[in-house]
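Coordinates as given in start.csv (CSV, N, CA and C atoms):
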```csv
chain,number,residue,atom,x,y,z
A,27,VAL,N,36.6,109.0,-109.7
A,27,VAL,CA,36.5,110.4,-109.3
A,27,VAL,C,37.9,110.9,-108.8
A,28,GLY,N,38.3,112.0,-109.2
A,28,GLY,CA,39.6,112.6,-108.7
A,28,GLY,C,40.8,111.9,-109.3
A,29,CYS,N,40.8,111.6,-110.5
A,29,CYS,CA,41.9,110.9,-111.1
A,29,CYS,C,42.8,111.9,-111.9
A,30,SER,N,43.1,113.0,-111.4
A,30,SER,CA,43.8,114.1,-112.1
A,30,SER,C,45.2,113.7,-112.5
A,31,GLY,N,45.8,112.8,-111.9
A,31,GLY,CA,47.2,112.3,-112.2
A,31,GLY,C,47.2,111.4,-113.4
A,32,LEU,N,46.0,110.9,-113.8
A,32,LEU,CA,46.0,109.9,-114.9
A,32,LEU,C,46.2,110.6,-116.2
A,33,THR,N,47.2,110.1,-117.0
A,33,THR,CA,47.5,110.7,-118.3
A,33,THR,C,47.1,109.8,-119.5
A,34,THR,N,46.9,108.5,-119.3
A,34,THR,CA,46.5,107.6,-120.3
A,34,THR,C,45.5,106.6,-119.7
A,35,LEU,N,44.7,106.1,-120.6
A,35,LEU,CA,43.7,105.1,-120.1
A,35,LEU,C,43.2,104.2,-121.2
A,36,ASP,N,43.3,102.9,-121.0
A,36,ASP,CA,42.8,101.9,-121.9
A,36,ASP,C,41.4,101.5,-121.5
A,37,LEU,N,40.4,101.8,-122.4
A,37,LEU,CA,39.0,101.5,-122.0
A,37,LEU,C,38.6,100.1,-122.6
A,38,SER,N,39.5,99.4,-123.2
A,38,SER,CA,39.1,98.1,-123.8
A,38,SER,C,38.5,97.1,-122.8
A,39,PRO,N,38.8,97.1,-121.5
A,39,PRO,CA,38.1,96.2,-120.6
A,39,PRO,C,36.6,96.5,-120.5
A,40,LEU,N,36.2,97.7,-121.0
A,40,LEU,CA,34.8,98.1,-120.9
A,40,LEU,C,34.0,97.8,-122.2
A,41,SER,N,34.5,97.0,-123.1
A,41,SER,CA,33.9,96.8,-124.4
A,41,SER,C,32.6,96.1,-124.3
A,42,GLN,N,32.2,95.5,-123.3
A,42,GLN,CA,30.9,94.8,-123.2
A,42,GLN,C,29.9,95.7,-122.4
A,43,VAL,N,30.3,96.8,-121.9
A,43,VAL,CA,29.4,97.7,-121.1
A,43,VAL,C,28.3,98.3,-121.9
A,44,GLY,N,27.1,98.3,-121.4
A,44,GLY,CA,26.0,98.9,-122.1
A,44,GLY,C,25.5,100.3,-121.6
A,45,GLY,N,26.0,100.6,-120.4
A,45,GLY,CA,25.7,101.9,-119.8
A,45,GLY,C,26.7,102.4,-118.9
A,46,LEU,N,26.9,103.7,-118.8
A,46,LEU,CA,27.9,104.3,-117.9
A,46,LEU,C,27.1,105.1,-116.8
A,47,CYS,N,27.4,104.7,-115.6
A,47,CYS,CA,26.7,105.2,-114.4
A,47,CYS,C,27.3,106.5,-114.0
A,48,ASP,N,26.9,107.0,-112.9
A,48,ASP,CA,27.4,108.3,-112.3
A,48,ASP,C,28.9,108.4,-112.2
A,49,CYS,N,29.4,109.6,-112.6
A,49,CYS,CA,30.8,110.0,-112.3
A,49,CYS,C,31.8,109.1,-113.1
A,50,PHE,N,31.6,109.0,-114.4
A,50,PHE,CA,32.5,108.2,-115.2
A,50,PHE,C,33.7,109.1,-115.6
A,51,LEU,N,34.9,108.8,-115.0
A,51,LEU,CA,36.1,109.6,-115.2
A,51,LEU,C,36.0,111.0,-114.9
A,52,VAL,N,35.4,111.3,-113.8
A,52,VAL,CA,35.3,112.7,-113.3
A,52,VAL,C,36.6,113.2,-112.8
A,53,GLY,N,37.0,114.4,-113.2
A,53,GLY,CA,38.2,115.1,-112.7
A,53,GLY,C,39.5,114.6,-113.2
A,54,CYS,N,39.5,113.9,-114.3
A,54,CYS,CA,40.7,113.3,-115.0
A,54,CYS,C,41.3,114.4,-115.8
A,55,SER,N,41.7,115.5,-115.2
A,55,SER,CA,42.3,116.6,-116.0
A,55,SER,C,43.6,116.3,-116.7
A,56,GLY,N,44.3,115.3,-116.3
A,56,GLY,CA,45.5,114.9,-116.9
A,56,GLY,C,45.4,114.2,-118.3
A,57,LEU,N,44.2,113.7,-118.6
A,57,LEU,CA,44.0,113.1,-119.9
A,57,LEU,C,43.9,114.1,-121.0
A,58,THR,N,44.7,113.9,-122.0
A,58,THR,CA,44.7,114.9,-123.2
A,58,THR,C,44.0,114.2,-124.4
A,59,THR,N,44.0,112.9,-124.4
A,59,THR,CA,43.3,112.2,-125.5
A,59,THR,C,42.6,111.0,-124.8
A,60,LEU,N,41.5,110.5,-125.4
A,60,LEU,CA,40.8,109.4,-124.9
A,60,LEU,C,40.1,108.7,-126.1
A,61,ASP,N,40.5,107.4,-126.2
A,61,ASP,CA,39.8,106.6,-127.3
A,61,ASP,C,38.6,106.0,-126.7
A,62,LEU,N,37.4,106.4,-127.2
A,62,LEU,CA,36.1,105.9,-126.7
A,62,LEU,C,35.7,104.7,-127.5
A,63,GLY,N,36.5,104.2,-128.4
A,63,GLY,CA,36.1,103.1,-129.3
A,63,GLY,C,35.6,101.9,-128.5
A,64,PRO,N,36.1,101.5,-127.4
A,64,PRO,CA,35.6,100.3,-126.7
A,64,PRO,C,34.2,100.6,-126.1
A,65,LEU,N,33.7,101.8,-126.1
A,65,LEU,CA,32.4,102.1,-125.5
A,65,LEU,C,31.3,102.0,-126.6
A,66,SER,N,31.5,101.3,-127.7
A,66,SER,CA,30.5,101.3,-128.8
A,66,SER,C,29.2,100.6,-128.5
A,67,ARG,N,29.1,99.9,-127.4
A,67,ARG,CA,27.9,99.2,-127.0
A,67,ARG,C,27.0,100.1,-126.0
A,68,VAL,N,27.6,101.2,-125.6
A,68,VAL,CA,26.9,102.0,-124.6
A,68,VAL,C,25.7,102.6,-125.2
A,69,THR,N,24.5,102.6,-124.5
A,69,THR,CA,23.3,103.2,-124.9
A,69,THR,C,22.8,104.3,-124.0
A,70,VAL,N,23.3,104.3,-122.7
A,70,VAL,CA,22.9,105.3,-121.7
A,70,VAL,C,24.1,105.8,-121.0
A,71,ILE,N,24.2,107.2,-121.0
A,71,ILE,CA,25.2,107.8,-120.2
A,71,ILE,C,24.6,108.6,-119.1
A,72,ARG,N,24.9,108.3,-117.9
A,72,ARG,CA,24.3,108.9,-116.8
A,72,ARG,C,25.1,110.1,-116.3
A,73,HIS,N,24.9,110.6,-115.2
A,73,HIS,CA,25.4,111.8,-114.6
A,73,HIS,C,26.9,111.9,-114.7
A,74,SER,N,27.5,113.1,-115.1
A,74,SER,CA,28.9,113.5,-115.0
A,74,SER,C,29.8,112.7,-115.9
A,75,PHE,N,29.5,112.5,-117.2
A,75,PHE,CA,30.4,111.8,-118.1
A,75,PHE,C,31.6,112.8,-118.4
A,76,LEU,N,32.8,112.3,-118.1
A,76,LEU,CA,34.0,113.1,-118.3
A,76,LEU,C,34.0,114.5,-117.7
A,77,HIS,N,33.3,114.7,-116.7
A,77,HIS,CA,33.2,116.0,-116.0
A,77,HIS,C,34.5,116.4,-115.5
A,78,GLY,N,34.9,117.6,-115.9
A,78,GLY,CA,36.2,118.2,-115.4
A,78,GLY,C,37.4,117.7,-116.1
A,79,CYS,N,37.3,117.0,-117.2
A,79,CYS,CA,38.4,116.5,-117.9
A,79,CYS,C,39.0,117.6,-118.8
A,80,SER,N,39.5,118.6,-118.2
A,80,SER,CA,39.9,119.9,-118.8
A,80,SER,C,41.1,119.7,-119.8
A,81,GLY,N,41.9,118.6,-119.7
A,81,GLY,CA,43.0,118.4,-120.5
A,81,GLY,C,42.7,117.9,-121.9
A,82,LEU,N,41.5,117.4,-122.1
A,82,LEU,CA,41.1,116.9,-123.4
A,82,LEU,C,41.0,118.0,-124.4
A,83,THR,N,41.7,117.9,-125.5
A,83,THR,CA,41.6,118.9,-126.5
A,83,THR,C,40.8,118.5,-127.7
A,84,THR,N,40.6,117.2,-127.9
A,84,THR,CA,39.8,116.7,-129.0
A,84,THR,C,39.1,115.5,-128.4
A,85,LEU,N,37.9,115.2,-128.9
A,85,LEU,CA,37.2,114.0,-128.5
A,85,LEU,C,36.3,113.5,-129.6
A,86,ASP,N,36.6,112.3,-130.1
A,86,ASP,CA,35.8,111.7,-131.2
A,86,ASP,C,34.6,110.9,-130.5
A,87,LEU,N,33.4,111.4,-130.7
A,87,LEU,CA,32.3,110.8,-130.1
A,87,LEU,C,31.7,109.7,-131.0
A,88,SER,N,32.2,109.4,-132.1
A,88,SER,CA,31.6,108.4,-133.1
A,88,SER,C,31.4,107.0,-132.5
A,89,PRO,N,32.2,106.5,-131.5
A,89,PRO,CA,31.9,105.2,-130.9
A,89,PRO,C,30.6,105.3,-130.1
A,90,LEU,N,30.1,106.4,-129.8
A,90,LEU,CA,28.9,106.5,-129.0
A,90,LEU,C,27.6,106.6,-129.8
A,91,SER,N,27.6,106.1,-131.0
A,91,SER,CA,26.5,106.2,-131.9
A,91,SER,C,25.2,105.4,-131.5
A,92,GLN,N,25.4,104.5,-130.5
A,92,GLN,CA,24.2,103.8,-130.0
A,92,GLN,C,23.6,104.4,-128.8
A,93,VAL,N,24.1,105.5,-128.3
A,93,VAL,CA,23.6,106.2,-127.1
A,93,VAL,C,22.2,106.8,-127.5
A,94,THR,N,21.2,106.6,-126.6
A,94,THR,CA,19.9,107.1,-126.8
A,94,THR,C,19.5,108.1,-125.7
A,95,GLU,N,20.3,108.1,-124.6
A,95,GLU,CA,20.0,108.9,-123.4
A,95,GLU,C,21.3,109.5,-122.8
A,96,VAL,N,21.3,110.8,-122.6
A,96,VAL,CA,22.4,111.5,-122.0
A,96,VAL,C,21.8,112.2,-120.8
A,97,GLN,N,22.3,111.9,-119.6
A,97,GLN,CA,21.7,112.7,-118.4
A,97,GLN,C,22.6,113.8,-118.1
A,98,GLU,N,22.5,114.3,-116.9
A,98,GLU,CA,23.1,115.6,-116.4
A,98,GLU,C,24.6,115.6,-116.6
A,99,ALA,N,25.1,116.8,-116.8
A,99,ALA,CA,26.6,117.1,-116.7
A,99,ALA,C,27.4,116.4,-117.8
A,100,PHE,N,26.9,116.3,-119.0
A,100,PHE,CA,27.7,115.7,-120.1
A,100,PHE,C,28.8,116.6,-120.5
A,101,LEU,N,30.0,116.2,-120.4
A,101,LEU,CA,31.2,116.9,-120.7
A,101,LEU,C,31.4,118.3,-120.1
A,102,VAL,N,30.8,118.4,-118.9
A,102,VAL,CA,30.9,119.7,-118.2
A,102,VAL,C,32.3,119.9,-117.7
A,103,GLY,N,32.8,121.1,-117.9
A,103,GLY,CA,34.1,121.5,-117.5
A,103,GLY,C,35.3,121.0,-118.4
A,104,CYS,N,34.9,120.6,-119.6
A,104,CYS,CA,36.0,120.1,-120.5
A,104,CYS,C,36.5,121.4,-121.2
A,105,SER,N,37.1,122.2,-120.5
A,105,SER,CA,37.5,123.5,-121.0
A,105,SER,C,38.6,123.5,-122.1
A,106,GLY,N,39.3,122.3,-122.3
A,106,GLY,CA,40.3,122.2,-123.3
A,106,GLY,C,39.8,121.9,-124.7
A,107,LEU,N,38.5,121.4,-124.8
A,107,LEU,CA,37.9,121.1,-126.1
A,107,LEU,C,37.7,122.4,-126.9
A,108,THR,N,38.1,122.4,-128.1
A,108,THR,CA,37.9,123.5,-129.0
A,108,THR,C,36.8,123.3,-130.1
A,109,THR,N,36.6,122.1,-130.4
A,109,THR,CA,35.5,121.8,-131.4
A,109,THR,C,34.8,120.5,-130.9
A,110,LEU,N,33.6,120.3,-131.4
A,110,LEU,CA,32.8,119.2,-131.0
A,110,LEU,C,31.8,118.9,-132.0
A,111,ASP,N,31.8,117.7,-132.6
A,111,ASP,CA,30.8,117.2,-133.5
A,111,ASP,C,29.9,116.2,-132.8
A,112,LEU,N,28.6,116.6,-132.7
A,112,LEU,CA,27.7,115.7,-131.9
A,112,LEU,C,26.9,114.8,-132.8
A,113,SER,N,27.2,114.7,-134.1
A,113,SER,CA,26.4,113.9,-135.0
A,113,SER,C,26.3,112.4,-134.6
A,114,PRO,N,27.4,111.9,-134.0
A,114,PRO,CA,27.2,110.5,-133.5
A,114,PRO,C,26.1,110.3,-132.5
A,115,LEU,N,25.7,111.4,-131.9
A,115,LEU,CA,24.6,111.3,-130.8
A,115,LEU,C,23.2,111.5,-131.4
A,116,SER,N,23.1,111.2,-132.7
A,116,SER,CA,21.8,111.5,-133.4
A,116,SER,C,20.6,110.7,-132.9
A,117,GLN,N,20.9,109.6,-132.1
A,117,GLN,CA,19.8,108.8,-131.6
A,117,GLN,C,19.4,109.2,-130.2
A,118,VAL,N,20.0,110.2,-129.7
A,118,VAL,CA,19.7,110.7,-128.3
A,118,VAL,C,18.3,111.4,-128.4
A,119,THR,N,17.4,110.9,-127.5
A,119,THR,CA,16.1,111.5,-127.5
A,119,THR,C,15.9,112.6,-126.4
A,120,GLU,N,16.9,112.6,-125.5
A,120,GLU,CA,16.8,113.6,-124.4
A,120,GLU,C,18.2,113.9,-123.9
A,121,VAL,N,18.5,115.2,-123.7
A,121,VAL,CA,19.7,115.6,-123.0
A,121,VAL,C,19.3,116.4,-121.8
A,122,GLN,N,19.7,116.1,-120.6
A,122,GLN,CA,19.3,116.8,-119.5
A,122,GLN,C,20.3,117.9,-119.1
A,123,GLU,N,20.1,118.5,-118.0
A,123,GLU,CA,20.8,119.7,-117.5
A,123,GLU,C,22.3,119.7,-117.6
A,124,PHE,N,22.8,120.9,-117.8
A,124,PHE,CA,24.3,121.2,-117.7
A,124,PHE,C,25.1,120.6,-118.9
A,125,PHE,N,24.4,120.5,-120.0
A,125,PHE,CA,25.1,119.9,-121.2
A,125,PHE,C,26.1,120.9,-121.7
A,126,LEU,N,27.4,120.5,-121.7
A,126,LEU,CA,28.5,121.3,-122.2
A,126,LEU,C,28.9,122.6,-121.4
A,127,GLU,N,28.3,122.7,-120.2
A,127,GLU,CA,28.6,123.9,-119.3
A,127,GLU,C,30.1,123.9,-119.0
A,128,GLY,N,30.7,125.0,-119.1
A,128,GLY,CA,32.1,125.1,-118.8
A,128,GLY,C,33.1,124.8,-119.9
A,129,CYS,N,32.5,124.4,-121.1
A,129,CYS,CA,33.4,124.2,-122.3
A,129,CYS,C,33.6,125.5,-123.0
A,130,THR,N,34.4,126.3,-122.3
A,130,THR,CA,34.5,127.7,-122.7
A,130,THR,C,35.3,128.0,-124.0
A,131,ARG,N,36.0,127.0,-124.5
A,131,ARG,CA,36.8,127.2,-125.7
A,131,ARG,C,36.0,126.8,-127.0
A,132,ILE,N,34.8,126.1,-126.8
A,132,ILE,CA,34.0,125.7,-127.9
A,132,ILE,C,33.1,126.9,-128.2
A,133,ASP,N,33.1,127.3,-129.5
A,133,ASP,CA,32.2,128.4,-129.9
A,133,ASP,C,31.1,127.9,-130.8
A,134,ILE,N,31.4,126.7,-131.5
A,134,ILE,CA,30.4,126.1,-132.4
A,134,ILE,C,30.3,124.6,-132.1
A,135,VAL,N,29.1,124.1,-132.0
A,135,VAL,CA,28.9,122.7,-131.9
A,135,VAL,C,28.1,122.2,-133.1
A,136,ASP,N,28.8,121.3,-133.9
A,136,ASP,CA,28.1,120.9,-135.1
A,136,ASP,C,27.2,119.7,-134.8
A,137,ASN,N,26.1,119.7,-135.6
A,137,ASN,CA,25.2,118.5,-135.6
A,137,ASN,C,24.7,118.1,-134.2
A,138,PRO,N,24.0,119.0,-133.5
A,138,PRO,CA,23.5,118.6,-132.2
A,138,PRO,C,22.4,117.5,-132.5
A,139,PRO,N,22.1,116.7,-131.5
A,139,PRO,CA,21.1,115.6,-131.7
A,139,PRO,C,19.8,116.3,-132.1
A,140,PRO,N,19.1,115.7,-133.2
A,140,PRO,CA,17.8,116.3,-133.7
A,140,PRO,C,16.8,116.5,-132.6
A,141,SER,N,16.8,115.6,-131.6
A,141,SER,CA,15.8,115.7,-130.5
A,141,SER,C,16.0,116.9,-129.6
A,142,CYS,N,17.2,117.4,-129.7
A,142,CYS,CA,17.6,118.6,-128.8
A,142,CYS,C,17.2,119.9,-129.5
A,143,THR,N,15.9,120.2,-129.4
A,143,THR,CA,15.4,121.4,-130.1
A,143,THR,C,15.8,122.7,-129.4
A,144,THR,N,16.1,122.6,-128.1
A,144,THR,CA,16.6,123.7,-127.4
A,144,THR,C,18.0,123.6,-127.0
A,145,PRO,N,18.9,124.5,-127.4
A,145,PRO,CA,20.3,124.4,-127.1
A,145,PRO,C,20.5,124.7,-125.6
A,146,PRO,N,21.7,124.3,-125.1
A,146,PRO,CA,22.0,124.6,-123.7
A,146,PRO,C,22.0,126.2,-123.5
A,147,SER,N,21.9,126.5,-122.2
A,147,SER,CA,21.9,127.9,-121.9
A,147,SER,C,23.2,128.6,-122.4
A,148,GLY,N,23.0,129.8,-123.0
A,148,GLY,CA,24.1,130.5,-123.5
A,148,GLY,C,24.5,130.2,-125.0
A,149,TRP,N,23.6,129.4,-125.6
A,149,TRP,CA,23.9,129.0,-127.0
A,149,TRP,C,22.6,129.3,-127.8
A,150,ILE,N,22.8,129.5,-129.1
A,150,ILE,CA,21.6,129.7,-130.0
A,150,ILE,C,21.8,128.7,-131.1
A,151,THR,N,20.6,128.3,-131.7
A,151,THR,CA,20.7,127.4,-132.9
A,151,THR,C,20.7,128.2,-134.2
A,152,THR,N,21.6,127.7,-135.1
A,152,THR,CA,21.8,128.4,-136.4
A,152,THR,C,21.9,127.3,-137.4
A,153,ILE,N,21.9,127.7,-138.7
A,153,ILE,CA,22.2,126.8,-139.8
A,153,ILE,C,23.5,127.2,-140.4
A,154,CYS,N,24.4,126.3,-140.6
A,154,CYS,CA,25.7,126.6,-141.3
A,154,CYS,C,25.4,127.0,-142.7
A,155,PRO,N,25.8,128.2,-143.1
A,155,PRO,CA,25.6,128.7,-144.5
A,155,PRO,C,26.2,127.8,-145.6
A,156,THR,N,27.3,127.2,-145.3
A,156,THR,CA,28.0,126.4,-146.3
A,156,THR,C,27.6,125.0,-146.4
A,157,THR,N,27.2,124.4,-145.3
A,157,THR,CA,26.8,122.9,-145.3
A,157,THR,C,25.3,122.7,-145.1
A,158,GLY,N,24.6,123.7,-144.6
A,158,GLY,CA,23.2,123.6,-144.3
A,158,GLY,C,22.9,122.8,-143.1
A,159,SER,N,24.0,122.4,-142.3
A,159,SER,CA,23.8,121.6,-141.1
A,159,SER,C,23.4,122.5,-139.9
A,160,THR,N,22.7,121.9,-139.0
A,160,THR,CA,22.4,122.6,-137.8
A,160,THR,C,23.6,122.8,-136.9
A,161,GLN,N,23.7,123.9,-136.2
A,161,GLN,CA,24.8,124.2,-135.3
A,161,GLN,C,24.3,124.9,-134.1
A,162,TRP,N,25.0,124.7,-133.0
A,162,TRP,CA,24.8,125.6,-131.8
A,162,TRP,C,25.9,126.6,-131.8
A,163,VAL,N,25.7,127.8,-131.6
A,163,VAL,CA,26.7,128.8,-131.6
A,163,VAL,C,26.6,129.6,-130.3
A,164,ARG,N,27.7,129.8,-129.6
A,164,ARG,CA,27.7,130.5,-128.4
A,164,ARG,C,27.2,131.9,-128.6
A,165,LYS,N,26.4,132.4,-127.7
A,165,LYS,CA,25.8,133.8,-127.8
A,165,LYS,C,26.9,134.8,-127.6
```
What would the structure in this file look like if it were written as structure tokens?
Amino acid sequence: VGCSGLTTLDLSPLSQVGGLCDCFLVGCSGLTTLDLGPLSRVTVIRHSFLHGCSGLTTLDLSPLSQVTEVQEAFLVGCSGLTTLDLSPLSQVTEVQEFFLEGCTRIDIVDNPPPSCTTPPSGWITTICPTTGSTQWVRK
């Protein structure tokens, strides 16, 4: 928590971790990129995953394909993100409160988890006319 001065981070020591508990990398606004590859064994993400990491401009979630549960405040305050593909989270059965809140530069979220039948507040569900995939679009 409060690692705003951090600009790079090697997550490889976490390669055997199966779950991320509360406040994982909260407030690391100095990070502009982050390789989530070492987190490929993670199945549960608890409260405040990357909360306030406003410096991130892109984020590849594909290493998180084993995740089945995402709790509160997932990517909240990641205002630097401009696009987000959630297809790697297709196994997620439940997403709790404050999902993507404060991600003000994202207007379209591609491939939300199929179990998430209700988009976050301020978003609507649509079908992409060119690909036929489900999207969340900001109201």
Please list as a list in words every residue within 9 Å of Thr119 of chain A, counting only C-alpha atoms and excluding residues in the same chain fewer than 4 positions away.
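These residues fall inside the cut-off: Thr94, Glu95, Val96, Pro139, Pro140, Ser141 and Cys142 of chain A.
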Nearest to His77 of chain A: which of A:Pro64, A:Thr58, A:Leu110, A:Gly103 is it, counting all atoms listed in the file?
A:Gly103
Name the closest residue to Glu127 of chain A among the candidates A:Cys154, A:Ser113, A:Ser41, A:Ala99; distances are taken between atoms, counting all atoms listed in the file.
A:Ala99
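Coordinates place atom CA of Ile71 of chain A at a distance of 5.0 Å from atom CA of Leu46 of chain A.
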Between A:Pro138, A:Phe125, A:Val70, A:Gly81, which residue has the minimum interatomic distance to Val102 of chain A, considering only N, CA and C atoms?
A:Phe125
Could you state the separation of atom C of Arg67 of chain A and atom C of Val52 of chain A in Å, given to one decimal place?
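So the two atoms, atom C of Arg67 of chain A and atom C of Val52 of chain A, lie 20.9 Å apart.
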Counting only N, CA and C atoms, which residues have an atom no more than 5 Å from (43.8, 115.4, -113.0) in the file's coordinates? Please list them as a list of chain:residue names.
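Within the cut-off we find A:Cys29, A:Ser30, A:Gly31, A:Gly53, A:Cys54, A:Ser55, A:Gly56.
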Output segment 29-47 of chain A as a short mmCIF file (atom, residue, chain, number, x, y, z; two decimals), in the coordinates of the input, making sure N, CA, C and O atoms are there.
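Saved result, selection28.cif, follows:
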```cif
data_model
loop_
_atom_site.label_atom_id
_atom_site.label_comp_id
_atom_site.auth_asym_id
_atom_site.auth_seq_id
_atom_site.Cartn_x
_atom_site.Cartn_y
_atom_site.Cartn_z
N CYS A 29 40.80 111.60 -110.50
CA CYS A 29 41.90 110.90 -111.10
C CYS A 29 42.80 111.90 -111.90
O CYS A 29 43.16 111.65 -113.08
N SER A 30 43.10 113.00 -111.40
CA SER A 30 43.80 114.10 -112.10
C SER A 30 45.20 113.70 -112.50
O SER A 30 45.72 114.28 -113.48
N GLY A 31 45.80 112.80 -111.90
CA GLY A 31 47.20 112.30 -112.20
C GLY A 31 47.20 111.40 -113.40
O GLY A 31 48.25 111.07 -113.95
N LEU A 32 46.00 110.90 -113.80
CA LEU A 32 46.00 109.90 -114.90
C LEU A 32 46.20 110.60 -116.20
O LEU A 32 45.57 111.57 -116.55
N THR A 33 47.20 110.10 -117.00
CA THR A 33 47.50 110.70 -118.30
C THR A 33 47.10 109.80 -119.50
O THR A 33 46.85 110.33 -120.59
N THR A 34 46.90 108.50 -119.30
CA THR A 34 46.50 107.60 -120.30
C THR A 34 45.50 106.60 -119.70
O THR A 34 45.55 106.35 -118.52
N LEU A 35 44.70 106.10 -120.60
CA LEU A 35 43.70 105.10 -120.10
C LEU A 35 43.20 104.20 -121.20
O LEU A 35 42.85 104.70 -122.29
N ASP A 36 43.30 102.90 -121.00
CA ASP A 36 42.80 101.90 -121.90
C ASP A 36 41.40 101.50 -121.50
O ASP A 36 41.21 100.87 -120.49
N LEU A 37 40.40 101.80 -122.40
CA LEU A 37 39.00 101.50 -122.00
C LEU A 37 38.60 100.10 -122.60
O LEU A 37 37.43 99.74 -122.39
N SER A 38 39.50 99.40 -123.20
CA SER A 38 39.10 98.10 -123.80
C SER A 38 38.50 97.10 -122.80
O SER A 38 37.60 96.34 -123.25
N PRO A 39 38.80 97.10 -121.50
CA PRO A 39 38.10 96.20 -120.60
C PRO A 39 36.60 96.50 -120.50
O PRO A 39 35.84 95.69 -120.00
N LEU A 40 36.20 97.70 -121.00
CA LEU A 40 34.80 98.10 -120.90
C LEU A 40 34.00 97.80 -122.20
O LEU A 40 32.88 98.27 -122.33
N SER A 41 34.50 97.00 -123.10
CA SER A 41 33.90 96.80 -124.40
C SER A 41 32.60 96.10 -124.30
O SER A 41 31.82 96.21 -125.33
N GLN A 42 32.20 95.50 -123.30
CA GLN A 42 30.90 94.80 -123.20
C GLN A 42 29.90 95.70 -122.40
O GLN A 42 28.72 95.27 -122.21
N VAL A 43 30.30 96.80 -121.90
CA VAL A 43 29.40 97.70 -121.10
C VAL A 43 28.30 98.30 -121.90
O VAL A 43 28.61 98.85 -122.99
N GLY A 44 27.10 98.30 -121.40
CA GLY A 44 26.00 98.90 -122.10
C GLY A 44 25.50 100.30 -121.60
O GLY A 44 24.78 100.99 -122.21
N GLY A 45 26.00 100.60 -120.40
CA GLY A 45 25.70 101.90 -119.80
C GLY A 45 26.70 102.40 -118.90
O GLY A 45 27.47 101.63 -118.28
N LEU A 46 26.90 103.70 -118.80
CA LEU A 46 27.90 104.30 -117.90
C LEU A 46 27.10 105.10 -116.80
O LEU A 46 26.30 105.95 -117.08
N CYS A 47 27.40 104.70 -115.60
CA CYS A 47 26.70 105.20 -114.40
C CYS A 47 27.30 106.50 -114.00
O CYS A 47 28.23 107.06 -114.64
#
```
